[in-house]
>>> print(open('start10.pdb').read())   # PDB, C-alpha atoms, pLDDT in the B column
MODEL        1
ATOM      1  CA  MET F  29      34.505 123.223  53.831  1.00 91.00           C
ATOM      2  CA  THR F  30      32.189 121.302  51.474  1.00 97.00           C
ATOM      3  CA  ILE F  31      31.854 117.530  51.537  1.00 97.00           C
ATOM      4  CA  THR F  32      33.729 117.256  48.231  1.00 96.00           C
ATOM      5  CA  GLU F  33      36.585 119.366  49.627  1.00 97.00           C
ATOM      6  CA  GLN F  34      36.736 117.194  52.752  1.00 96.00           C
ATOM      7  CA  ILE F  35      36.806 113.982  50.710  1.00 96.00           C
ATOM      8  CA  LYS F  36      39.425 115.386  48.345  1.00 96.00           C
ATOM      9  CA  GLU F  37      41.591 116.283  51.344  1.00 96.00           C
ATOM     10  CA  GLU F  38      41.264 112.711  52.695  1.00 93.00           C
ATOM     11  CA  LEU F  39      42.066 111.297  49.263  1.00 93.00           C
ATOM     12  CA  LEU F  40      45.137 113.490  48.785  1.00 93.00           C
ATOM     13  CA  LYS F  41      46.559 112.325  52.116  1.00 92.00           C
ATOM     14  CA  ARG F  42      46.318 108.746  50.886  1.00 90.00           C
ATOM     15  CA  THR F  43      47.618 109.399  47.374  1.00 91.00           C
ATOM     16  CA  ASN F  44      50.550 111.433  48.708  1.00 89.00           C
ATOM     17  CA  ALA F  45      51.515 108.618  51.090  1.00 86.00           C
ATOM     18  CA  GLN F  46      51.350 106.133  48.199  1.00 83.00           C
ATOM     19  CA  LYS F  47      53.389 108.432  45.940  1.00 82.00           C
ATOM     20  CA  GLU F  48      56.244 108.497  48.441  1.00 78.00           C
ATOM     21  CA  LYS F  49      56.354 104.686  48.626  1.00 80.00           C
ATOM     22  CA  GLU F  50      55.714 103.726  44.985  1.00 78.00           C
ATOM     23  CA  ASN F  51      56.778 106.707  42.871  1.00 75.00           C
ATOM     24  CA  PHE F  52      53.314 106.866  41.277  1.00 78.00           C
ATOM     25  CA  ASP F  53      51.074 109.859  41.803  1.00 86.00           C
ATOM     26  CA  PHE F  54      47.576 108.408  41.731  1.00 86.00           C
ATOM     27  CA  TRP F  55      46.007 111.869  41.951  1.00 91.00           C
ATOM     28  CA  GLU F  56      48.047 113.491  39.173  1.00 91.00           C
ATOM     29  CA  ASP F  57      48.132 110.454  36.882  1.00 90.00           C
ATOM     30  CA  HIS F  58      44.544 109.293  37.147  1.00 93.00           C
ATOM     31  CA  ILE F  59      42.011 110.553  39.674  1.00 95.00           C
ATOM     32  CA  LYS F  60      42.106 114.257  38.778  1.00 96.00           C
ATOM     33  CA  TYR F  61      41.249 113.302  35.183  1.00 97.00           C
ATOM     34  CA  VAL F  62      38.379 111.083  36.313  1.00 97.00           C
ATOM     35  CA  VAL F  63      36.979 113.989  38.351  1.00 98.00           C
ATOM     36  CA  LYS F  64      37.354 116.450  35.454  1.00 98.00           C
ATOM     37  CA  ASN F  65      35.723 114.081  32.962  1.00 97.00           C
ATOM     38  CA  ALA F  66      32.956 113.096  35.364  1.00 98.00           C
ATOM     39  CA  LEU F  67      32.004 116.713  35.991  1.00 98.00           C
ATOM     40  CA  GLU F  68      31.992 117.460  32.256  1.00 97.00           C
ATOM     41  CA  LEU F  69      29.738 114.459  31.618  1.00 97.00           C
ATOM     42  CA  ALA F  70      27.494 115.421  34.549  1.00 98.00           C
ATOM     43  CA  ASP F  71      26.984 118.834  32.935  1.00 97.00           C
ATOM     44  CA  ALA F  72      26.381 117.334  29.496  1.00 96.00           C
ATOM     45  CA  TYR F  73      23.952 114.671  30.770  1.00 97.00           C
ATOM     46  CA  ASN F  74      22.291 116.738  33.524  1.00 98.00           C
ATOM     47  CA  ALA F  75      23.327 114.459  36.396  1.00 98.00           C
ATOM     48  CA  ASP F  76      23.693 115.116  40.118  1.00 98.00           C
ATOM     49  CA  LYS F  77      27.094 116.828  40.182  1.00 98.00           C
ATOM     50  CA  GLU F  78      27.799 116.293  43.874  1.00 98.00           C
ATOM     51  CA  ILE F  79      27.161 112.537  43.633  1.00 98.00           C
ATOM     52  CA  VAL F  80      29.283 112.406  40.482  1.00 98.00           C
ATOM     53  CA  GLU F  81      32.160 114.363  42.003  1.00 98.00           C
ATOM     54  CA  LEU F  82      32.182 112.246  45.164  1.00 98.00           C
ATOM     55  CA  GLY F  83      31.970 109.048  43.114  1.00 98.00           C
ATOM     56  CA  ALA F  84      34.884 110.201  40.962  1.00 98.00           C
ATOM     57  CA  LEU F  85      36.993 111.151  43.978  1.00 98.00           C
ATOM     58  CA  LEU F  86      36.291 107.861  45.743  1.00 97.00           C
ATOM     59  CA  HIS F  87      36.123 105.383  42.849  1.00 94.00           C
ATOM     60  CA  ASP F  88      39.680 104.057  43.355  1.00 91.00           C
ATOM     61  CA  ILE F  89      40.282 105.032  46.989  1.00 93.00           C
ATOM     62  CA  ALA F  90      41.030 101.459  48.054  1.00 90.00           C
ATOM     63  CA  MET F  91      44.194 101.398  45.932  1.00 88.00           C
ATOM     64  CA  PRO F  92      46.140 104.259  47.537  1.00 86.00           C
ATOM     65  CA  SER F  93      44.654 103.170  50.873  1.00 86.00           C
ATOM     66  CA  LYS F  94      46.237  99.732  50.353  1.00 85.00           C
ATOM     67  CA  ILE F  95      43.087  97.924  51.414  1.00 86.00           C
ATOM     68  CA  GLY F  96      42.179  94.644  49.740  1.00 83.00           C
ATOM     69  CA  PRO F  97      43.413  93.125  46.496  1.00 81.00           C
ATOM     70  CA  ARG F  98      43.468  95.361  43.398  1.00 80.00           C
ATOM     71  CA  GLU F  99      40.933  93.114  41.628  1.00 81.00           C
ATOM     72  CA  GLU F 100      38.396  93.925  44.347  1.00 83.00           C
ATOM     73  CA  HIS F 101      39.201  97.611  44.838  1.00 87.00           C
ATOM     74  CA  HIS F 102      35.661  98.564  43.843  1.00 87.00           C
ATOM     75  CA  ILE F 103      34.237  96.512  46.726  1.00 86.00           C
ATOM     76  CA  TYR F 104      36.681  97.831  49.323  1.00 91.00           C
ATOM     77  CA  GLY F 105      36.374 101.328  47.874  1.00 90.00           C
ATOM     78  CA  ALA F 106      32.614 101.302  48.434  1.00 93.00           C
ATOM     79  CA  GLN F 107      33.215 100.355  52.078  1.00 95.00           C
ATOM     80  CA  ILE F 108      35.772 103.142  52.516  1.00 94.00           C
ATOM     81  CA  ALA F 109      33.410 105.598  50.814  1.00 95.00           C
ATOM     82  CA  GLU F 110      30.662 104.715  53.275  1.00 96.00           C
ATOM     83  CA  GLU F 111      33.010 105.126  56.258  1.00 96.00           C
ATOM     84  CA  LEU F 112      34.327 108.515  55.096  1.00 96.00           C
ATOM     85  CA  LEU F 113      30.968 109.944  54.089  1.00 97.00           C
ATOM     86  CA  THR F 114      29.403 108.753  57.356  1.00 97.00           C
ATOM     87  CA  LYS F 115      32.282 110.391  59.262  1.00 96.00           C
ATOM     88  CA  TYR F 116      31.305 113.716  57.639  1.00 96.00           C
ATOM     89  CA  ASN F 117      27.571 113.205  58.343  1.00 97.00           C
ATOM     90  CA  TYR F 118      26.609 112.928  54.688  1.00 97.00           C
ATOM     91  CA  PRO F 119      22.958 111.854  54.223  1.00 98.00           C
ATOM     92  CA  LYS F 120      22.532 108.063  54.169  1.00 97.00           C
ATOM     93  CA  ASP F 121      20.486 107.978  50.958  1.00 97.00           C
ATOM     94  CA  ARG F 122      23.218 109.946  49.163  1.00 98.00           C
ATOM     95  CA  ILE F 123      25.937 107.733  50.649  1.00 97.00           C
ATOM     96  CA  GLU F 124      24.220 104.772  49.015  1.00 97.00           C
ATOM     97  CA  ARG F 125      24.240 106.531  45.644  1.00 97.00           C
ATOM     98  CA  VAL F 126      27.949 107.320  45.911  1.00 98.00           C
ATOM     99  CA  LYS F 127      28.701 103.761  47.038  1.00 97.00           C
ATOM    100  CA  GLN F 128      26.932 102.376  43.980  1.00 95.00           C
ATOM    101  CA  CYS F 129      29.046 104.635  41.747  1.00 95.00           C
ATOM    102  CA  VAL F 130      32.213 103.257  43.352  1.00 95.00           C
ATOM    103  CA  LEU F 131      30.988  99.672  43.358  1.00 92.00           C
ATOM    104  CA  ASN F 132      29.906  99.676  39.694  1.00 89.00           C
ATOM    105  CA  HIS F 133      32.651 101.738  38.057  1.00 87.00           C
ATOM    106  CA  ARG F 134      34.827  98.878  36.784  1.00 75.00           C
ATOM    107  CA  GLY F 135      34.428  98.311  33.079  1.00 63.00           C
ATOM    108  CA  SER F 136      36.396  95.048  33.203  1.00 62.00           C
ATOM    109  CA  LYS F 137      33.782  93.524  35.511  1.00 63.00           C
ATOM    110  CA  ASP F 138      30.772  94.246  33.263  1.00 69.00           C
ATOM    111  CA  LEU F 139      28.829  95.515  36.272  1.00 69.00           C
ATOM    112  CA  PRO F 140      25.330  96.964  35.956  1.00 77.00           C
ATOM    113  CA  ARG F 141      25.031 100.725  35.879  1.00 80.00           C
ATOM    114  CA  ASN F 142      21.619 101.502  37.307  1.00 85.00           C
ATOM    115  CA  THR F 143      21.833 105.281  37.445  1.00 96.00           C
ATOM    116  CA  LEU F 144      23.131 108.037  35.244  1.00 96.00           C
ATOM    117  CA  GLU F 145      25.725 108.867  37.890  1.00 97.00           C
ATOM    118  CA  GLU F 146      27.045 105.276  37.912  1.00 95.00           C
ATOM    119  CA  GLU F 147      27.331 105.366  34.116  1.00 95.00           C
ATOM    120  CA  ILE F 148      29.217 108.654  34.264  1.00 97.00           C
ATOM    121  CA  ILE F 149      31.784 107.393  36.801  1.00 97.00           C
ATOM    122  CA  ALA F 150      32.448 104.254  34.749  1.00 95.00           C
ATOM    123  CA  ASP F 151      32.825 106.343  31.575  1.00 96.00           C
ATOM    124  CA  ALA F 152      34.991 109.003  33.240  1.00 97.00           C
ATOM    125  CA  ASP F 153      37.308 106.293  34.572  1.00 95.00           C
ATOM    126  CA  VAL F 154      37.803 105.012  31.022  1.00 94.00           C
ATOM    127  CA  ILE F 155      38.228 108.470  29.495  1.00 96.00           C
ATOM    128  CA  ALA F 156      41.005 109.188  32.004  1.00 95.00           C
ATOM    129  CA  HIS F 157      43.118 106.589  30.216  1.00 94.00           C
ATOM    130  CA  PHE F 158      42.905 108.737  27.084  1.00 95.00           C
ATOM    131  CA  ASP F 159      44.141 111.695  29.160  1.00 95.00           C
ATOM    132  CA  CYS F 160      47.108 109.757  30.541  1.00 91.00           C
ATOM    133  CA  ILE F 161      48.497 107.813  27.605  1.00 93.00           C
ATOM    134  CA  PRO F 162      52.115 108.255  28.813  1.00 92.00           C
ATOM    135  CA  THR F 163      51.117 106.353  31.962  1.00 90.00           C
ATOM    136  CA  LEU F 164      49.917 103.444  29.799  1.00 93.00           C
ATOM    137  CA  PHE F 165      53.240 103.365  27.952  1.00 93.00           C
ATOM    138  CA  SER F 166      55.082 103.510  31.276  1.00 90.00           C
ATOM    139  CA  LEU F 167      53.055 100.526  32.464  1.00 90.00           C
ATOM    140  CA  ALA F 168      53.852  98.623  29.273  1.00 94.00           C
ATOM    141  CA  TYR F 169      57.583  99.323  29.221  1.00 94.00           C
ATOM    142  CA  GLN F 170      58.550  99.692  32.878  1.00 91.00           C
ATOM    143  CA  ARG F 171      56.184  97.533  34.883  1.00 88.00           C
ATOM    144  CA  LEU F 172      55.355  94.873  32.277  1.00 94.00           C
ATOM    145  CA  ASN F 173      58.842  95.054  30.726  1.00 96.00           C
ATOM    146  CA  LEU F 174      57.528  94.723  27.159  1.00 96.00           C
ATOM    147  CA  ASN F 175      59.607  95.501  24.096  1.00 95.00           C
ATOM    148  CA  ILE F 176      58.643  98.382  21.763  1.00 94.00           C
ATOM    149  CA  GLU F 177      56.390  96.298  19.514  1.00 94.00           C
ATOM    150  CA  GLU F 178      54.682  94.468  22.390  1.00 96.00           C
ATOM    151  CA  GLY F 179      54.247  97.693  24.374  1.00 95.00           C
ATOM    152  CA  THR F 180      52.752  99.519  21.400  1.00 95.00           C
ATOM    153  CA  LYS F 181      50.302  96.667  20.822  1.00 95.00           C
ATOM    154  CA  TYR F 182      49.468  96.559  24.540  1.00 96.00           C
ATOM    155  CA  VAL F 183      48.600 100.283  24.667  1.00 96.00           C
ATOM    156  CA  LYS F 184      46.651 100.211  21.381  1.00 96.00           C
ATOM    157  CA  ASP F 185      44.652  97.182  22.510  1.00 96.00           C
ATOM    158  CA  LYS F 186      44.052  98.714  25.958  1.00 95.00           C
ATOM    159  CA  LEU F 187      42.668 101.901  24.409  1.00 96.00           C
ATOM    160  CA  ALA F 188      40.427  99.857  22.087  1.00 96.00           C
ATOM    161  CA  ARG F 189      39.099  97.779  25.005  1.00 95.00           C
ATOM    162  CA  ASP F 190      38.500 100.933  27.009  1.00 94.00           C
ATOM    163  CA  TYR F 191      36.701 102.693  24.164  1.00 96.00           C
ATOM    164  CA  ASN F 192      34.416  99.696  23.731  1.00 94.00           C
ATOM    165  CA  LYS F 193      33.500  99.775  27.458  1.00 92.00           C
ATOM    166  CA  LEU F 194      31.982 103.253  27.167  1.00 94.00           C
ATOM    167  CA  SER F 195      28.247 103.825  27.225  1.00 94.00           C
ATOM    168  CA  PRO F 196      26.871 104.442  23.720  1.00 95.00           C
ATOM    169  CA  ARG F 197      26.377 108.184  24.185  1.00 95.00           C
ATOM    170  CA  THR F 198      29.855 108.717  25.645  1.00 96.00           C
ATOM    171  CA  LYS F 199      31.378 106.535  22.947  1.00 96.00           C
ATOM    172  CA  GLU F 200      29.828 108.840  20.351  1.00 96.00           C
ATOM    173  CA  HIS F 201      31.045 111.881  22.317  1.00 92.00           C
ATOM    174  CA  LEU F 202      34.633 110.513  22.342  1.00 95.00           C
ATOM    175  CA  LYS F 203      34.699 108.997  18.838  1.00 97.00           C
ATOM    176  CA  ASP F 204      36.668 111.749  17.044  1.00 97.00           C
ATOM    177  CA  ARG F 205      39.206 112.015  19.851  1.00 95.00           C
ATOM    178  CA  TYR F 206      39.709 108.240  19.931  1.00 96.00           C
ATOM    179  CA  GLU F 207      40.193 108.056  16.165  1.00 96.00           C
ATOM    180  CA  ASN F 208      42.659 110.969  16.263  1.00 95.00           C
ATOM    181  CA  ILE F 209      44.685 109.304  19.015  1.00 95.00           C
ATOM    182  CA  LEU F 210      44.940 106.139  16.953  1.00 94.00           C
ATOM    183  CA  LYS F 211      46.032 108.098  13.854  1.00 94.00           C
ATOM    184  CA  VAL F 212      48.700 110.029  15.737  1.00 93.00           C
ATOM    185  CA  LEU F 213      50.150 107.253  17.907  1.00 92.00           C
ATOM    186  CA  PHE F 214      49.764 104.106  15.844  1.00 92.00           C
ATOM    187  CA  VAL F 215      50.834 104.430  12.228  1.00 80.00           C
ATOM    188  CA  ASP F 216      49.887 101.435  10.102  1.00 72.00           C
ATOM    189  CA  LYS F 217      52.989  99.579   8.958  1.00 62.00           C
ATOM    190  CA  ASP F 218      51.323  98.142   5.852  1.00 53.00           C
TER     191      ASP F 218
ENDMDL
END
>>> encode(input="start10.pdb", output="structure tokens")
Amino acid sequence: MTITEQIKEELLKRTNAQKEKENFDFWEDHIKYVVKNALELADAYNADKEIVELGALLHDIAMPSKIGPREEHHIYGAQIAEELLTKYNYPKDRIERVKQCVLNHRGSKDLPRNTLEEEIIADADVIAHFDCIPTLFSLAYQRLNLNIEEGTKYVKDKLARDYNKLSPRTKEHLKDRYENILKVLFVDKD
């Protein structure tokens, strides 16, 4: 079994346990899209695919693990990543690279992205929101209890913030898709 298969297995145990308690499937509704997008970007940008895949699998691991506050999941996630990768005898220098991907993936924190792989994980995390728009509407209407107008504005603003967090090259790569999403979902009322 490869290291990515072992980590995915560990992750699925945690996401399945969370799904049973919270009725939210973190794997199906977010992480699998981050992994898919990260691998596509790694191919396009010629990055280290193993580092990228591990970073994508582990970027949010603290949340389904229920370790630490959500606002600091990147910090706790990096610690969990180190523990898991060490458990599977992954090389220390590569553990550090994966940890930096996890630690620096949060767009809302304006963290430095010092490597191509870190940039890819941050971008893939954002792009996943464009893959899971129904989840954003669910958040707006069910968890935040917004009305139709407020929820629509919330999702539109969230997508705009996310798009603006992307690295310049990924923003250009996603531009047509972003503009099409806005045209389809948010009709101007003027």
>>> resolve_selection(input="start10.pdb", expression="the PyMOL selection byres ((chain F and resi 99-114) around 8)", output="number ranges by chain")
F: 35, 86-91, 95-98, 115-120, 123-124, 126-128, 130-134
>>> closest_residue(input="start10.pdb", among="F:Asn208, F:Thr43, F:Thr143, F:Lys186", to="F:Ala75", atoms="only C-alpha atoms")
F:Thr143
>>> residues_around(input="start10.pdb", residues="F:Ser195", least_positions_apart="3", cutoff="12 Å", atoms="all atoms listed in the file", output="list in words")
Leu69, His133, Gly135, Asp138, Pro140, Arg141, Leu144, Glu146, Glu147, Ile148, Ile149, Ala150, Asp151, Ala152, Asp153, Val154, Ile155, Asp190, Tyr191, Asn192, Thr198, Lys199, Glu200, His201, Leu202 and Lys203 of chain F
>>> write_last_selection(input="start10.pdb", atoms="C-alpha atoms", output="compact mmCIF listing (two decimals), in the coordinates of the input")
# COMPACT_ATOMS: atom_id res chain seq x y z
CA LEU F 69 29.74 114.46 31.62
CA HIS F 133 32.65 101.74 38.06
CA GLY F 135 34.43 98.31 33.08
CA ASP F 138 30.77 94.25 33.26
CA PRO F 140 25.33 96.96 35.96
CA ARG F 141 25.03 100.72 35.88
CA LEU F 144 23.13 108.04 35.24
CA GLU F 146 27.04 105.28 37.91
CA GLU F 147 27.33 105.37 34.12
CA ILE F 148 29.22 108.65 34.26
CA ILE F 149 31.78 107.39 36.80
CA ALA F 150 32.45 104.25 34.75
CA ASP F 151 32.83 106.34 31.58
CA ALA F 152 34.99 109.00 33.24
CA ASP F 153 37.31 106.29 34.57
CA VAL F 154 37.80 105.01 31.02
CA ILE F 155 38.23 108.47 29.50
CA ASP F 190 38.50 100.93 27.01
CA TYR F 191 36.70 102.69 24.16
CA ASN F 192 34.42 99.70 23.73
CA THR F 198 29.86 108.72 25.64
CA LYS F 199 31.38 106.54 22.95
CA GLU F 200 29.83 108.84 20.35
CA HIS F 201 31.04 111.88 22.32
CA LEU F 202 34.63 110.51 22.34
CA LYS F 203 34.70 109.00 18.84
>>> atom_distance(input="start10.pdb", atom1="atom CA of F:Phe158", atom2="atom CA of F:Lys193")
13.0 Å
>>> closest_residue(input="start10.pdb", among="F:Met29, F:Arg205, F:Phe52, F:Glu78", to="F:Arg171", atoms="only C-alpha atoms")
F:Phe52
>>> atom_distance(input="start10.pdb", atom1="atom CA of F:Glu33", atom2="atom CA of F:Leu82")
9.5 Å
>>> resolve_selection(input="start10.pdb", expression="the PyMOL selection byres ((chain F and resi 180) around 10)", output="ChimeraX atom specification")
/F:164-165,168-169,174-179,181-186,213-214
>>> resolve_selection(input="start10.pdb", expression="the PyMOL selection byres ((chain F and resi 79) around 8)", output="list of chain:residue names")
F:Asp76, F:Lys77, F:Glu78, F:Val80, F:Glu81, F:Leu82, F:Gly83, F:Arg122, F:Arg125, F:Val126, F:Glu145
>>> atom_distance(input="start10.pdb", atom1="atom CA of F:Asp57", atom2="atom CA of F:Cys160")
6.5 Å
>>> closest_residue(input="start10.pdb", among="F:Leu39, F:Gln46, F:Leu85, F:Lys211", to="F:Ala66", atoms="only C-alpha atoms")
F:Leu85
>>> closest_residue(input="start10.pdb", among="F:Asp204, F:Asp121, F:Glu56, F:Glu68", to="F:Asn44", atoms="all atoms listed in the file")
F:Glu56
>>> closest_residue(input="start10.pdb", among="F:Arg189, F:Arg197, F:Ser166, F:Lys36", to="F:Tyr73", atoms="all atoms listed in the file")
F:Arg197
